[in-house]
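Everything below belongs to data.txt, which stores compact mmCIF, N, CA and C atoms.
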# COMPACT_ATOMS: atom_id res chain seq x y z
N MET A 1 -31.98 -22.97 -34.65
CA MET A 1 -31.56 -22.56 -33.34
C MET A 1 -30.06 -22.74 -33.12
N SER A 2 -29.42 -23.66 -33.78
CA SER A 2 -27.99 -23.88 -33.54
C SER A 2 -27.12 -22.71 -33.98
N PRO A 3 -27.45 -21.95 -35.08
CA PRO A 3 -26.62 -20.79 -35.38
C PRO A 3 -26.69 -19.73 -34.28
N HIS A 4 -27.86 -19.58 -33.66
CA HIS A 4 -27.99 -18.61 -32.57
C HIS A 4 -27.15 -19.04 -31.38
N ARG A 5 -27.13 -20.31 -31.09
CA ARG A 5 -26.31 -20.83 -30.00
C ARG A 5 -24.83 -20.64 -30.31
N SER A 6 -24.46 -20.81 -31.58
CA SER A 6 -23.08 -20.63 -31.98
C SER A 6 -22.63 -19.18 -31.80
N ILE A 7 -23.50 -18.25 -32.11
CA ILE A 7 -23.17 -16.83 -31.92
C ILE A 7 -23.00 -16.53 -30.44
N GLN A 8 -23.86 -17.10 -29.60
CA GLN A 8 -23.72 -16.89 -28.17
C GLN A 8 -22.41 -17.49 -27.65
N GLN A 9 -22.04 -18.65 -28.15
CA GLN A 9 -20.79 -19.25 -27.73
C GLN A 9 -19.60 -18.41 -28.17
N LYS A 10 -19.66 -17.82 -29.37
CA LYS A 10 -18.59 -16.95 -29.84
C LYS A 10 -18.47 -15.72 -28.95
N ILE A 11 -19.59 -15.16 -28.56
CA ILE A 11 -19.56 -13.97 -27.72
C ILE A 11 -18.99 -14.29 -26.34
N VAL A 12 -19.36 -15.43 -25.79
CA VAL A 12 -18.81 -15.83 -24.49
C VAL A 12 -17.30 -16.06 -24.60
N LEU A 13 -16.87 -16.75 -25.65
CA LEU A 13 -15.44 -16.98 -25.83
C LEU A 13 -14.69 -15.67 -26.03
N ASP A 14 -15.28 -14.74 -26.80
CA ASP A 14 -14.66 -13.42 -26.97
C ASP A 14 -14.52 -12.70 -25.63
N ALA A 15 -15.57 -12.76 -24.83
CA ALA A 15 -15.53 -12.09 -23.53
C ALA A 15 -14.44 -12.68 -22.64
N VAL A 16 -14.29 -14.00 -22.66
CA VAL A 16 -13.27 -14.65 -21.83
C VAL A 16 -11.87 -14.26 -22.32
N LEU A 17 -11.65 -14.30 -23.64
CA LEU A 17 -10.34 -13.96 -24.19
C LEU A 17 -9.96 -12.51 -23.88
N ILE A 18 -10.91 -11.61 -24.02
CA ILE A 18 -10.64 -10.19 -23.75
C ILE A 18 -10.45 -9.95 -22.25
N ALA A 19 -11.23 -10.64 -21.41
CA ALA A 19 -11.09 -10.47 -19.96
C ALA A 19 -9.74 -10.95 -19.47
N VAL A 20 -9.27 -12.08 -19.98
CA VAL A 20 -7.94 -12.57 -19.58
C VAL A 20 -6.86 -11.59 -20.02
N ALA A 21 -6.98 -11.07 -21.25
CA ALA A 21 -6.01 -10.09 -21.73
C ALA A 21 -6.04 -8.82 -20.88
N ALA A 22 -7.23 -8.36 -20.52
CA ALA A 22 -7.34 -7.15 -19.71
C ALA A 22 -6.75 -7.35 -18.31
N VAL A 23 -7.01 -8.50 -17.71
CA VAL A 23 -6.46 -8.77 -16.38
C VAL A 23 -4.94 -8.83 -16.42
N LEU A 24 -4.40 -9.51 -17.43
CA LEU A 24 -2.93 -9.58 -17.54
C LEU A 24 -2.33 -8.21 -17.81
N LEU A 25 -3.02 -7.39 -18.59
CA LEU A 25 -2.51 -6.05 -18.88
C LEU A 25 -2.52 -5.17 -17.63
N VAL A 26 -3.57 -5.28 -16.83
CA VAL A 26 -3.63 -4.51 -15.59
C VAL A 26 -2.54 -4.98 -14.62
N LEU A 27 -2.33 -6.29 -14.55
CA LEU A 27 -1.28 -6.82 -13.66
C LEU A 27 0.12 -6.49 -14.17
N ALA A 28 0.26 -6.22 -15.47
CA ALA A 28 1.58 -5.93 -16.04
C ALA A 28 2.03 -4.50 -15.80
N ARG A 29 1.15 -3.65 -15.31
CA ARG A 29 1.55 -2.28 -15.02
C ARG A 29 2.57 -2.27 -13.90
N PRO A 30 3.60 -1.43 -14.03
CA PRO A 30 4.56 -1.35 -12.92
C PRO A 30 3.90 -0.73 -11.69
N SER A 31 4.27 -1.23 -10.54
CA SER A 31 3.67 -0.72 -9.31
C SER A 31 4.20 0.67 -9.00
N SER A 32 3.40 1.44 -8.31
CA SER A 32 3.80 2.81 -7.98
C SER A 32 4.86 2.85 -6.90
N THR A 33 5.04 1.76 -6.16
CA THR A 33 6.05 1.75 -5.10
C THR A 33 7.44 1.40 -5.64
N ALA A 34 7.49 0.87 -6.86
CA ALA A 34 8.79 0.51 -7.44
C ALA A 34 9.52 1.77 -7.89
N PRO A 35 10.83 1.81 -7.72
CA PRO A 35 11.57 2.98 -8.19
C PRO A 35 11.53 3.07 -9.72
N VAL A 36 11.50 4.28 -10.23
CA VAL A 36 11.39 4.51 -11.66
C VAL A 36 12.67 4.11 -12.38
N ALA A 37 13.81 4.27 -11.75
CA ALA A 37 15.08 4.00 -12.39
C ALA A 37 15.33 2.50 -12.58
N ARG A 38 14.58 1.68 -11.90
CA ARG A 38 14.76 0.24 -12.02
C ARG A 38 14.27 -0.23 -13.38
N ASP A 39 15.09 -1.00 -14.08
CA ASP A 39 14.76 -1.43 -15.43
C ASP A 39 14.26 -2.86 -15.48
N VAL A 40 13.64 -3.33 -14.43
CA VAL A 40 13.14 -4.70 -14.39
C VAL A 40 11.67 -4.69 -14.79
N PRO A 41 11.31 -5.45 -15.83
CA PRO A 41 9.90 -5.48 -16.23
C PRO A 41 9.06 -6.29 -15.24
N PRO A 42 7.79 -5.97 -15.11
CA PRO A 42 6.92 -6.77 -14.24
C PRO A 42 6.79 -8.20 -14.76
N VAL A 43 6.54 -9.13 -13.86
CA VAL A 43 6.43 -10.54 -14.24
C VAL A 43 5.27 -10.76 -15.21
N PHE A 44 4.16 -10.10 -14.96
CA PHE A 44 2.98 -10.33 -15.78
C PHE A 44 3.10 -9.74 -17.18
N LEU A 45 4.08 -8.89 -17.42
CA LEU A 45 4.31 -8.40 -18.77
C LEU A 45 4.73 -9.55 -19.68
N GLY A 46 5.59 -10.42 -19.19
CA GLY A 46 5.99 -11.59 -19.96
C GLY A 46 4.82 -12.52 -20.24
N PHE A 47 3.98 -12.71 -19.23
CA PHE A 47 2.80 -13.57 -19.42
C PHE A 47 1.83 -12.95 -20.42
N TYR A 48 1.69 -11.62 -20.38
CA TYR A 48 0.79 -10.93 -21.31
C TYR A 48 1.28 -11.07 -22.75
N VAL A 49 2.56 -10.89 -22.97
CA VAL A 49 3.11 -10.99 -24.33
C VAL A 49 3.00 -12.42 -24.84
N ILE A 50 3.27 -13.39 -23.98
CA ILE A 50 3.13 -14.80 -24.37
C ILE A 50 1.67 -15.12 -24.67
N TYR A 51 0.76 -14.57 -23.88
CA TYR A 51 -0.67 -14.79 -24.11
C TYR A 51 -1.11 -14.26 -25.48
N LEU A 52 -0.60 -13.10 -25.85
CA LEU A 52 -0.93 -12.58 -27.18
C LEU A 52 -0.40 -13.49 -28.28
N GLY A 53 0.77 -14.04 -28.08
CA GLY A 53 1.30 -14.99 -29.06
C GLY A 53 0.48 -16.26 -29.14
N VAL A 54 0.02 -16.74 -28.01
CA VAL A 54 -0.83 -17.93 -28.01
C VAL A 54 -2.14 -17.64 -28.73
N LEU A 55 -2.66 -16.42 -28.58
CA LEU A 55 -3.86 -16.05 -29.31
C LEU A 55 -3.62 -16.08 -30.82
N PHE A 56 -2.47 -15.61 -31.27
CA PHE A 56 -2.15 -15.69 -32.69
C PHE A 56 -2.06 -17.14 -33.15
N LEU A 57 -1.46 -18.00 -32.33
CA LEU A 57 -1.37 -19.41 -32.69
C LEU A 57 -2.76 -20.05 -32.74
N LEU A 58 -3.60 -19.74 -31.78
CA LEU A 58 -4.96 -20.26 -31.80
C LEU A 58 -5.75 -19.74 -32.99
N SER A 59 -5.46 -18.51 -33.40
CA SER A 59 -6.18 -17.94 -34.55
C SER A 59 -5.86 -18.67 -35.84
N TYR A 60 -4.69 -19.27 -35.92
CA TYR A 60 -4.36 -20.04 -37.12
C TYR A 60 -5.22 -21.30 -37.21
N PHE A 61 -5.40 -21.97 -36.10
CA PHE A 61 -6.12 -23.24 -36.10
C PHE A 61 -7.63 -23.10 -35.92
N TYR A 62 -8.06 -22.12 -35.12
CA TYR A 62 -9.48 -21.99 -34.77
C TYR A 62 -9.99 -20.60 -35.09
N SER A 63 -9.79 -20.11 -36.28
CA SER A 63 -10.18 -18.74 -36.60
C SER A 63 -11.69 -18.55 -36.64
N ASP A 64 -12.44 -19.61 -36.86
CA ASP A 64 -13.89 -19.48 -36.91
C ASP A 64 -14.55 -19.64 -35.55
N ALA A 65 -13.80 -19.91 -34.52
CA ALA A 65 -14.38 -20.14 -33.20
C ALA A 65 -14.72 -18.85 -32.46
N SER A 66 -14.10 -17.74 -32.86
CA SER A 66 -14.27 -16.50 -32.11
C SER A 66 -14.03 -15.31 -33.03
N HIS A 67 -14.67 -14.20 -32.68
CA HIS A 67 -14.46 -12.97 -33.44
C HIS A 67 -13.07 -12.40 -33.19
N VAL A 68 -12.57 -12.56 -31.99
CA VAL A 68 -11.22 -12.09 -31.66
C VAL A 68 -10.18 -12.86 -32.46
N LEU A 69 -10.32 -14.17 -32.50
CA LEU A 69 -9.37 -14.98 -33.25
C LEU A 69 -9.48 -14.72 -34.75
N ARG A 70 -10.68 -14.46 -35.22
CA ARG A 70 -10.86 -14.14 -36.64
C ARG A 70 -10.20 -12.81 -36.97
N SER A 71 -10.28 -11.84 -36.07
CA SER A 71 -9.64 -10.55 -36.34
C SER A 71 -8.12 -10.67 -36.30
N LEU A 72 -7.58 -11.54 -35.46
CA LEU A 72 -6.13 -11.72 -35.43
C LEU A 72 -5.62 -12.38 -36.72
N ILE A 73 -6.35 -13.35 -37.25
CA ILE A 73 -5.92 -13.96 -38.50
C ILE A 73 -6.11 -12.99 -39.65
N TRP A 74 -7.09 -12.08 -39.53
CA TRP A 74 -7.27 -11.04 -40.53
C TRP A 74 -6.06 -10.10 -40.55
N VAL A 75 -5.53 -9.79 -39.38
CA VAL A 75 -4.32 -8.96 -39.30
C VAL A 75 -3.18 -9.67 -40.01
N CYS A 76 -3.06 -10.98 -39.81
CA CYS A 76 -2.00 -11.74 -40.47
C CYS A 76 -2.17 -11.74 -41.99
N GLU A 77 -3.39 -11.78 -42.45
CA GLU A 77 -3.65 -11.86 -43.88
C GLU A 77 -3.59 -10.51 -44.58
N HIS A 78 -3.81 -9.42 -43.87
CA HIS A 78 -3.90 -8.12 -44.53
C HIS A 78 -2.83 -7.11 -44.12
N PHE A 79 -2.24 -7.23 -42.96
CA PHE A 79 -1.28 -6.23 -42.50
C PHE A 79 0.14 -6.77 -42.36
N SER A 80 0.38 -7.96 -42.78
CA SER A 80 1.70 -8.55 -42.65
C SER A 80 2.41 -8.54 -43.99
N TYR A 81 3.72 -8.62 -43.92
CA TYR A 81 4.50 -8.79 -45.14
C TYR A 81 5.48 -9.91 -44.91
N PRO A 82 5.42 -11.01 -45.54
CA PRO A 82 4.46 -11.39 -46.57
C PRO A 82 3.10 -11.72 -45.96
N ARG A 83 2.08 -11.49 -46.73
CA ARG A 83 0.72 -11.72 -46.24
C ARG A 83 0.39 -13.20 -46.26
N GLY A 84 -0.35 -13.61 -45.27
CA GLY A 84 -0.79 -15.00 -45.22
C GLY A 84 -1.07 -15.46 -43.81
N ARG A 85 -1.76 -16.58 -43.73
CA ARG A 85 -2.13 -17.15 -42.44
C ARG A 85 -0.91 -17.63 -41.66
N ARG A 86 0.13 -18.01 -42.37
CA ARG A 86 1.32 -18.55 -41.70
C ARG A 86 2.07 -17.50 -40.88
N MET A 87 1.76 -16.22 -41.09
CA MET A 87 2.39 -15.19 -40.27
C MET A 87 1.98 -15.30 -38.81
N ALA A 88 0.90 -16.02 -38.54
CA ALA A 88 0.50 -16.26 -37.15
C ALA A 88 1.59 -17.02 -36.40
N PHE A 89 2.28 -17.93 -37.10
CA PHE A 89 3.39 -18.65 -36.47
C PHE A 89 4.55 -17.71 -36.16
N PHE A 90 4.80 -16.76 -37.06
CA PHE A 90 5.87 -15.78 -36.83
C PHE A 90 5.54 -14.92 -35.61
N TYR A 91 4.29 -14.43 -35.55
CA TYR A 91 3.90 -13.59 -34.42
C TYR A 91 3.92 -14.38 -33.11
N PHE A 92 3.54 -15.66 -33.17
CA PHE A 92 3.62 -16.50 -31.98
C PHE A 92 5.07 -16.66 -31.53
N GLY A 93 5.96 -16.96 -32.46
CA GLY A 93 7.37 -17.13 -32.11
C GLY A 93 8.00 -15.86 -31.58
N LEU A 94 7.67 -14.74 -32.20
CA LEU A 94 8.21 -13.46 -31.76
C LEU A 94 7.73 -13.10 -30.36
N SER A 95 6.45 -13.27 -30.12
CA SER A 95 5.94 -12.93 -28.79
C SER A 95 6.42 -13.93 -27.74
N LEU A 96 6.60 -15.18 -28.12
CA LEU A 96 7.16 -16.15 -27.18
C LEU A 96 8.58 -15.77 -26.79
N LEU A 97 9.38 -15.38 -27.77
CA LEU A 97 10.75 -14.96 -27.49
C LEU A 97 10.78 -13.71 -26.62
N LEU A 98 9.99 -12.71 -26.96
CA LEU A 98 9.96 -11.48 -26.17
C LEU A 98 9.39 -11.71 -24.77
N GLY A 99 8.38 -12.57 -24.67
CA GLY A 99 7.81 -12.87 -23.36
C GLY A 99 8.78 -13.61 -22.46
N ILE A 100 9.52 -14.55 -23.05
CA ILE A 100 10.53 -15.26 -22.25
C ILE A 100 11.64 -14.32 -21.82
N CYS A 101 12.03 -13.40 -22.69
CA CYS A 101 13.05 -12.41 -22.30
C CYS A 101 12.54 -11.52 -21.17
N ALA A 102 11.28 -11.11 -21.23
CA ALA A 102 10.71 -10.29 -20.16
C ALA A 102 10.63 -11.07 -18.85
N LEU A 103 10.27 -12.35 -18.93
CA LEU A 103 10.22 -13.17 -17.72
C LEU A 103 11.62 -13.38 -17.13
N CYS A 104 12.59 -13.63 -17.99
CA CYS A 104 13.97 -13.79 -17.50
C CYS A 104 14.49 -12.49 -16.88
N GLY A 105 14.12 -11.37 -17.46
CA GLY A 105 14.53 -10.09 -16.90
C GLY A 105 13.86 -9.80 -15.57
N SER A 106 12.60 -10.19 -15.44
CA SER A 106 11.92 -9.91 -14.18
C SER A 106 12.39 -10.84 -13.06
N PHE A 107 12.88 -12.02 -13.40
CA PHE A 107 13.43 -12.92 -12.38
C PHE A 107 14.91 -12.73 -12.16
N GLY A 108 15.52 -11.79 -12.86
CA GLY A 108 16.92 -11.48 -12.63
C GLY A 108 17.89 -12.35 -13.38
N LEU A 109 17.42 -13.13 -14.33
CA LEU A 109 18.32 -14.00 -15.10
C LEU A 109 19.04 -13.23 -16.21
N ILE A 110 18.46 -12.11 -16.61
CA ILE A 110 19.08 -11.23 -17.61
C ILE A 110 19.38 -9.91 -16.92
N GLY A 111 20.61 -9.47 -16.98
CA GLY A 111 20.97 -8.18 -16.40
C GLY A 111 20.74 -7.09 -17.43
N TRP A 112 19.69 -6.32 -17.24
CA TRP A 112 19.32 -5.28 -18.20
C TRP A 112 20.29 -4.11 -18.09
N GLY A 113 21.34 -4.11 -18.89
CA GLY A 113 22.27 -2.99 -18.95
C GLY A 113 23.27 -2.96 -17.81
N ARG A 114 23.41 -4.03 -17.09
CA ARG A 114 24.37 -4.04 -15.97
C ARG A 114 25.68 -4.61 -16.40
The structure in this file should be written as structure tokens.
Amino acid sequence: MSPHRSIQQKIVLDAVLIAVAAVLLVLARPSSTAPVARDVPPVFLGFYVIYLGVLFLLSYFYSDASHVLRSLIWVCEHFSYPRGRRMAFFYFGLSLLLGICALCGSFGLIGWGR
């Protein structure tokens, strides 16, 4: 019975991870009332990119806990150059840097082209 419970726990964790990503992605869309010429990214775009990086970091340590995390470590092992599990740290660092830049831009700390 414990393997069946483990599969159910993986499915619940997958659903939570995907739901959080979907909510952040929906919140990251620019609002229709904002002018198009404005080059300020939405605040939740930075959170979404950082969240993806955290998922890559979690996939390095807990790849067997979830199907989503297992697929992310599979991307690191098969689609990266150089290939390997340690590329999860690179993707985490890259998304952390890009997410922080997006957050700084949305709060006005970075002048995008001004």
Requested in this report: Show which residues sit within 10 Å of A:Phe92, as an MDAnalysis selection string. Count only C-alpha atoms, and ignore same-chain residues fewer than 4 positions away.
Outcome: chainID A and resid 49:58 87:88 96:98
Requested in this report: Please return as a PyMOL selection string: the residues of chain A that backbone DSSP assigns to helix (DSSP H, G or I).
Outcome: chain A and resi 2-27+43-61+67-78+87-106
Requested in this report: Go through A:Arg29, A:Tyr48, A:Val23, A:Ile11 one by one, measure the shortest atom-to-atom distance of each to A:Ser95 using only N, CA and C atoms, and give the residue with the smallest value.
Outcome: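 When distances to A:Ser95 are compared using only N, CA and C atoms, the smallest one comes from A:Tyr48.
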Query raised in the report: Smallest atom-to-atom distance to A:Ala65: which of A:Val26, A:Ala15, A:Ile110, A:Ile7, using only C-alpha atoms?
Result: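 Counting only C-alpha atoms, the residue closest to A:Ala65 is A:Ile7.
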Query raised in the report: Which is closer to A:Val68 than all the others in A:Leu94, A:Leu25, A:Leu109, A:Leu13, using all atoms listed in the file?
Result: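 Under the stated criterion, the closest residue is A:Leu13.
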Spatial neighbours of A:Cys76, max dist 8 Å, all atoms listed in the file, sep filter under 5 positions, as a PDB file with N, CA and C atoms, in the coordinates of the input:
ATOM      1  N   ARG A  70     -10.680 -14.460 -35.220  1.00  0.00           N
ATOM      2  CA  ARG A  70     -10.860 -14.140 -36.640  1.00  0.00           C
ATOM      3  C   ARG A  70     -10.200 -12.810 -36.970  1.00  0.00           C
ATOM      4  N   SER A  71     -10.280 -11.840 -36.070  1.00  0.00           N
ATOM      5  CA  SER A  71      -9.640 -10.550 -36.340  1.00  0.00           C
ATOM      6  C   SER A  71      -8.120 -10.670 -36.300  1.00  0.00           C
ATOM      7  N   TYR A  81       3.720  -8.620 -43.920  1.00  0.00           N
ATOM      8  CA  TYR A  81       4.500  -8.790 -45.140  1.00  0.00           C
ATOM      9  C   TYR A  81       5.480  -9.910 -44.910  1.00  0.00           C
ATOM     10  N   PRO A  82       5.420 -11.010 -45.540  1.00  0.00           N
ATOM     11  CA  PRO A  82       4.460 -11.390 -46.570  1.00  0.00           C
ATOM     12  C   PRO A  82       3.100 -11.720 -45.960  1.00  0.00           C
ATOM     13  N   ARG A  83       2.080 -11.490 -46.730  1.00  0.00           N
ATOM     14  CA  ARG A  83       0.720 -11.720 -46.240  1.00  0.00           C
ATOM     15  C   ARG A  83       0.390 -13.200 -46.260  1.00  0.00           C
ATOM     16  N   GLY A  84      -0.350 -13.610 -45.270  1.00  0.00           N
ATOM     17  CA  GLY A  84      -0.790 -15.000 -45.220  1.00  0.00           C
ATOM     18  C   GLY A  84      -1.070 -15.460 -43.810  1.00  0.00           C
ATOM     19  N   ARG A  85      -1.760 -16.580 -43.730  1.00  0.00           N
ATOM     20  CA  ARG A  85      -2.130 -17.150 -42.440  1.00  0.00           C
ATOM     21  C   ARG A  85      -0.910 -17.630 -41.660  1.00  0.00           C
ATOM     22  N   ARG A  86       0.130 -18.010 -42.370  1.00  0.00           N
ATOM     23  CA  ARG A  86       1.320 -18.550 -41.700  1.00  0.00           C
ATOM     24  C   ARG A  86       2.070 -17.500 -40.880  1.00  0.00           C
ATOM     25  N   MET A  87       1.760 -16.220 -41.090  1.00  0.00           N
ATOM     26  CA  MET A  87       2.390 -15.190 -40.270  1.00  0.00           C
ATOM     27  C   MET A  87       1.980 -15.300 -38.810  1.00  0.00           C
ATOM     28  N   ALA A  88       0.900 -16.020 -38.540  1.00  0.00           N
ATOM     29  CA  ALA A  88       0.500 -16.260 -37.150  1.00  0.00           C
ATOM     30  C   ALA A  88       1.590 -17.020 -36.400  1.00  0.00           C
TER      31      ALA A  88
END
Query raised in the report: Could you work out how far atom C of A:Pro42 lies from atom CA of A:Cys101, giving the answer in Å with one decimal?
Result: 10.7 Å
Requested in this report: Have a look at atom CA of A:Val12 and atom CA of A:Leu69 and let me know their distance in Å, one decimal.
Outcome: 12.9 Å
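Atom N of A:Ala22 is found 18.0 Å from atom N of A:Lys10.
Shortest atom-to-atom contact with A:Cys104 among A:Tyr91, A:Leu45, A:Glu77, A:Asp64: A:Leu45, counting only C-alpha atoms.
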Query raised in the report: Between A:Ile18, A:Gln8, A:Ala28, A:Phe47, which has the minimum distance to A:Leu103 (counting only N, CA and C atoms)?
Result: A:Phe47
